[in-house]
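S.K.: The structure is given below, and queries will be raised subsequently.
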Amino acid sequence: MRLHRLAAAAYFAIALGSVVLGLVVGSATPAWLVTMWYPPGEAVGRSPLLPVLGGLLLLGLVNAWMFWQVLRRPAPAGVPMGRAARWLRVLLYADVVWLLIPSYLPDLVETVIGLALWVPALVLLTVVVTGSGRFFRLALLLFGLVEPVSAGMDALADDPQPLTLVIPVGVMVAGVAALVVMVMVLLAQWRDGRWSRGTLLVGAGTFASPFLVALVDALTRGSTIESIAEAMDVLYVVWLARTARELNRELNREPRRPEPLRVPTAVTAVAAVALLMVVGPEYAPRLTYTWRSEEDMDCRLRSAPPRVADVPVHERDRAYLCSVRKPDWEVSDQELIGKGKAACARFAGGERVRARPALLALLCPEVIGRRHPELLLSSAQVERQQAEERSRRREQLRREAREEDARCRDPWPALRTRFQATASYYDWDGQPYGIYDAEADTSGDAETIWDAYSTETLAVSGQLALVFTPAQDWATCVTAKALRSAPPPLRRRGWDKVVEADIVSGSGRLVMQTLSASRVRFPDLARGGPGRYRLRLYTREGVDLILVYPARR
């Protein structure tokens, strides 16, 4: 018995024995090691035993057939082999050996070795084959270099990040190029005439193996698909070995005359299918000719539709789609645009529509503008109008504050001092006004006051005093007077409440908080320099009087 038959029979016997052993012990590990040549993963133990062993038995049969093909002697010399053909045979057999030996080298090293074996072989193959024109062989070489270049760039990348949301276009292009190269190589072998029909059929099976694996993956589950995928990979090894073995076969027919380069129909079909896979079907409302792109992501993050005046005319349909579509809508772009324009027509006829006018303005600005001219303004124009409105509002508040200030009078005119002021204060939402040291950090004092919240009119802590005026619908006239000495004794007549408290000024400056929109500026209330001051508050409905003077030491 010859070597190739003996090796095939021995391997199949070992594989069959490992499958029987797996049935006995209830584990697929022995058969997995014999047929797959690497340890099984955790998924193997969780998968049903019989389907896994069935797939491994099939792989064992395929591997035995592979040894029978690879170990066969080269075909008898039919034609003398040139130097290029001899080197091509050496490289093809070296590639077969490299693919059969289990490797645990780093990915970068494995990639470099694989490219060092395949790229020269591809170049020599374009030189050796006959029957194909120069342009055909040049195209074969160019297409064949796409996948090695892509693999080399991926291997040299420092930190490649897997893309889970977007199909990597580079990987797709490399896959399409590999399929195109396989078709062109098989066509070149058929035109050359020295390779047998069996070799061409094995090559065709190599071309079809990715589609077969995808079909089996859709019909099976568990670890069975891994053995099927390995069986399909065996076809490529056998095709390399048979191509090397039959390099010196005698031509079955005269080589065909070089023909002009024509793209085969199968290549065109594969390219068209790959392009459709990249673009995706028109079933989701997405931006035209985009699929989960960065522009599409920006569209999802947009919270409001853009103003029509800010969008160029040729981009308005895209902006409309971006604003109305939802990820779970199985509606095409064209249908969404059609519904929007139909809503524009109903709006022009006076009917009520569900769509917001701001959205429809992107499709029919001339229709929406008749009833909503403000929607045709640009963002700059809207901002300018808003700035003018804010300015007008501030001026109105200042005018009202001046009118309120003019109505306020000093409630104790007999107690005169040069350091006093009167202004109006409107108690917005019960917020107090304060007196504080101008150069001190009073945030801690404020927290102390708010933490000890009470119904007191005057709250003091350290260098901060807060006056809580009862909430009302009119302004309170606030008068503050700074004295160098204590005023006359308490005078409660005519006042609802009179309270006193001490406040500290470390810098010698006590200032009154600016009151509402009033333009009145209060003087420094600490007339005796740094130290402790007494603060007396007189209050009645609509009037507050504050006296500040040095406390007795």
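We name chains A, B, ... following the order of the structure tokens; residues begin at 1 in each chain, and ligands are numbered from 1 as shown.
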Can you list every residue in region 413-471 of chain A that DSSP puts in strand (DSSP E or B), as JSON, numbers by chain?
M.R.: {"A": [420, 421, 422, 423, 424, 425, 433, 434, 435, 436, 437, 458, 459, 460, 461, 464, 465, 466, 467]}
S.K.: Write out, as CSV, each residue of region 7-50 of chain A that has an atom at most 12 Å from region 58-74 of chain A, together with the closest pair of atoms and their distance in Å to one decimal, counting only C-alpha atoms, rows going by chain and rising number.
M.R.:
```
residue,atom,partner,partner_atom,distance
A:Ala7,CA,A:Phe67,CA,6.5
A:Ala8,CA,A:Ala64,CA,4.4
A:Ala9,CA,A:Ala64,CA,6.9
A:Ala10,CA,A:Ala64,CA,8.3
A:Tyr11,CA,A:Ala64,CA,5.9
A:Phe12,CA,A:Ala64,CA,5.5
A:Ala13,CA,A:Gly60,CA,9.1
A:Ile14,CA,A:Gly60,CA,8.8
A:Ala15,CA,A:Gly60,CA,5.5
A:Leu16,CA,A:Gly60,CA,7.5
A:Gly17,CA,A:Gly60,CA,10.5
A:Ser18,CA,A:Gly60,CA,9.8
A:Val19,CA,A:Gly60,CA,9.4
A:Ala31,CA,A:Gly60,CA,8.7
A:Trp32,CA,A:Gly60,CA,9.7
A:Leu33,CA,A:Gly60,CA,10.9
A:Val34,CA,A:Gly60,CA,8.1
A:Thr35,CA,A:Gly60,CA,5.5
A:Met36,CA,A:Leu59,CA,8.1
A:Trp37,CA,A:Gly60,CA,11.0
```
S.K.: Give me the residues near Lys497 (chain A) as a list in words, where near means some atom within 7 Å (using only C-alpha atoms) and where sequence neighbours in that chain fewer than 2 positions away do not count.
M.R.: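 Once the adjacent positions are removed, what remains is Trp495, Val499, Tyr538, Thr539 and Arg540 of chain A.
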S.K.: Now that the selection is made, can you save its residues with C-alpha atoms as an mmCIF file, in the first residue's frame?
M.R.:
```cif
data_model
loop_
_atom_site.group_PDB
_atom_site.id
_atom_site.type_symbol
_atom_site.label_atom_id
_atom_site.label_comp_id
_atom_site.auth_asym_id
_atom_site.auth_seq_id
_atom_site.Cartn_x
_atom_site.Cartn_y
_atom_site.Cartn_z
ATOM 1 C CA TRP A 495 -44.246 99.239 63.380
ATOM 2 C CA VAL A 499 -35.797 93.074 66.109
ATOM 3 C CA TYR A 538 -38.116 97.982 61.904
ATOM 4 C CA THR A 539 -40.727 96.419 59.646
ATOM 5 C CA ARG A 540 -44.354 96.914 58.738
#
```
S.K.: Looking at A:Ala446, A:Leu510, A:Ala116, A:Ala423, which one is nearest to Thr476 (chain A), with distances taken over only C-alpha atoms?
M.R.: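 Checking each of A:Ala446, A:Leu510, A:Ala116, A:Ala423 against Thr476 (chain A), counting only C-alpha atoms, the winner is A:Ala423.
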S.K.: Give me, as a Markdown table, the closest atom pair and its distance (Å, one decimal) for every residue of region 409-459 of chain A within a cut-off of 10 Å of region 390-403 of chain A, counting only C-alpha atoms, rows sorted by chain and rising number.
M.R.:
```
| residue | atom | partner | partner_atom | distance |
| --- | --- | --- | --- | --- |
| A:Ala423 | CA | A:Ala401 | CA | 8.6 |
| A:Ser424 | CA | A:Ala401 | CA | 7.0 |
| A:Tyr425 | CA | A:Ala401 | CA | 8.4 |
| A:Tyr426 | CA | A:Ala401 | CA | 9.2 |
```
S.K.: Kindly export the residues of the current selection with C-alpha atoms, as a compact mmCIF listing (two decimals), in the first residue's frame.
M.R.:
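To be explicit, this is the file written out as result33.txt:
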```
# COMPACT_ATOMS: atom_id res chain seq x y z
CA ALA A 423 -34.91 101.72 47.37
CA SER A 424 -37.71 99.35 46.45
CA TYR A 425 -37.41 95.60 46.69
CA TYR A 426 -39.80 93.06 45.20
```
S.K.: Do you have the CA of Ala475 (chain A)-CA of Ala406 (chain A) distance handy?
M.R.: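 So the two atoms, CA of Ala475 (chain A) and CA of Ala406 (chain A), lie 11.9 Å apart.
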S.K.: As an exercise, work out the distance from CA of Ala380 (chain A) to CA of Lys341 (chain A) in Å and give it to one decimal place.
M.R.: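 Going from CA of Ala380 (chain A) over to CA of Lys341 (chain A) covers 27.3 Å.
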S.K.: Report as JSON lines: every residue of region 30-86 of chain A with an atom at most 12 Å from region 123-138 of chain A, its closest pair of atoms, and their distance in Å to one decimal, counting only C-alpha atoms, with rows sorted by chain and ascending residue number.
M.R.:
```
{"residue": "A:Met81", "atom": "CA", "partner": "A:Val128", "partner_atom": "CA", "distance": 9.6}
{"residue": "A:Gly82", "atom": "CA", "partner": "A:Val128", "partner_atom": "CA", "distance": 8.6}
{"residue": "A:Arg83", "atom": "CA", "partner": "A:Val128", "partner_atom": "CA", "distance": 9.7}
{"residue": "A:Ala84", "atom": "CA", "partner": "A:Leu124", "partner_atom": "CA", "distance": 6.1}
{"residue": "A:Ala85", "atom": "CA", "partner": "A:Val128", "partner_atom": "CA", "distance": 6.1}
{"residue": "A:Arg86", "atom": "CA", "partner": "A:Leu124", "partner_atom": "CA", "distance": 9.7}
```
S.K.: Hey, can you check how far CA of Arg194 (chain A) sits from CA of Pro148 (chain A)?
M.R.: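 Distance reported for this atom pair: 27.3 Å.
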S.K.: Which residues are close to Ile546 (chain A), i.e. within 9 Å by only C-alpha atoms, leaving aside same-chain residues fewer than 2 positions away? Reply as a list of chain:residue names.
M.R.: A:Val478, A:Thr479, A:Ala480, A:Lys481, A:Ala482, A:Leu535, A:Arg536, A:Leu537, A:Tyr538, A:Thr539, A:Asp544, A:Val548
S.K.: What does the file look like for those residues with C-alpha atoms, as a PDB file, in the first residue's frame?
M.R.:
```
ATOM      1  CA  VAL A 478     -36.175  99.425  52.186  1.00  0.00           C
ATOM      2  CA  THR A 479     -34.268 102.209  53.973  1.00  0.00           C
ATOM      3  CA  ALA A 480     -30.814 101.534  55.463  1.00  0.00           C
ATOM      4  CA  LYS A 481     -28.965 104.059  57.672  1.00  0.00           C
ATOM      5  CA  ALA A 482     -25.387 103.821  58.939  1.00  0.00           C
ATOM      6  CA  LEU A 535     -28.355  95.778  63.375  1.00  0.00           C
ATOM      7  CA  ARG A 536     -31.884  96.973  64.225  1.00  0.00           C
ATOM      8  CA  LEU A 537     -34.763  96.160  61.870  1.00  0.00           C
ATOM      9  CA  TYR A 538     -38.116  97.982  61.904  1.00  0.00           C
ATOM     10  CA  THR A 539     -40.727  96.419  59.646  1.00  0.00           C
ATOM     11  CA  ASP A 544     -38.395  98.077  56.153  1.00  0.00           C
ATOM     12  CA  VAL A 548     -26.577  99.814  61.639  1.00  0.00           C
TER      13      VAL A 548
END
```
S.K.: Where in region 327-458 of chain A does DSSP assign alpha helix (DSSP H), given as a PyMOL selection string?
M.R.: chain A and resi 333-348+357-360+365-371+379-407+443-451
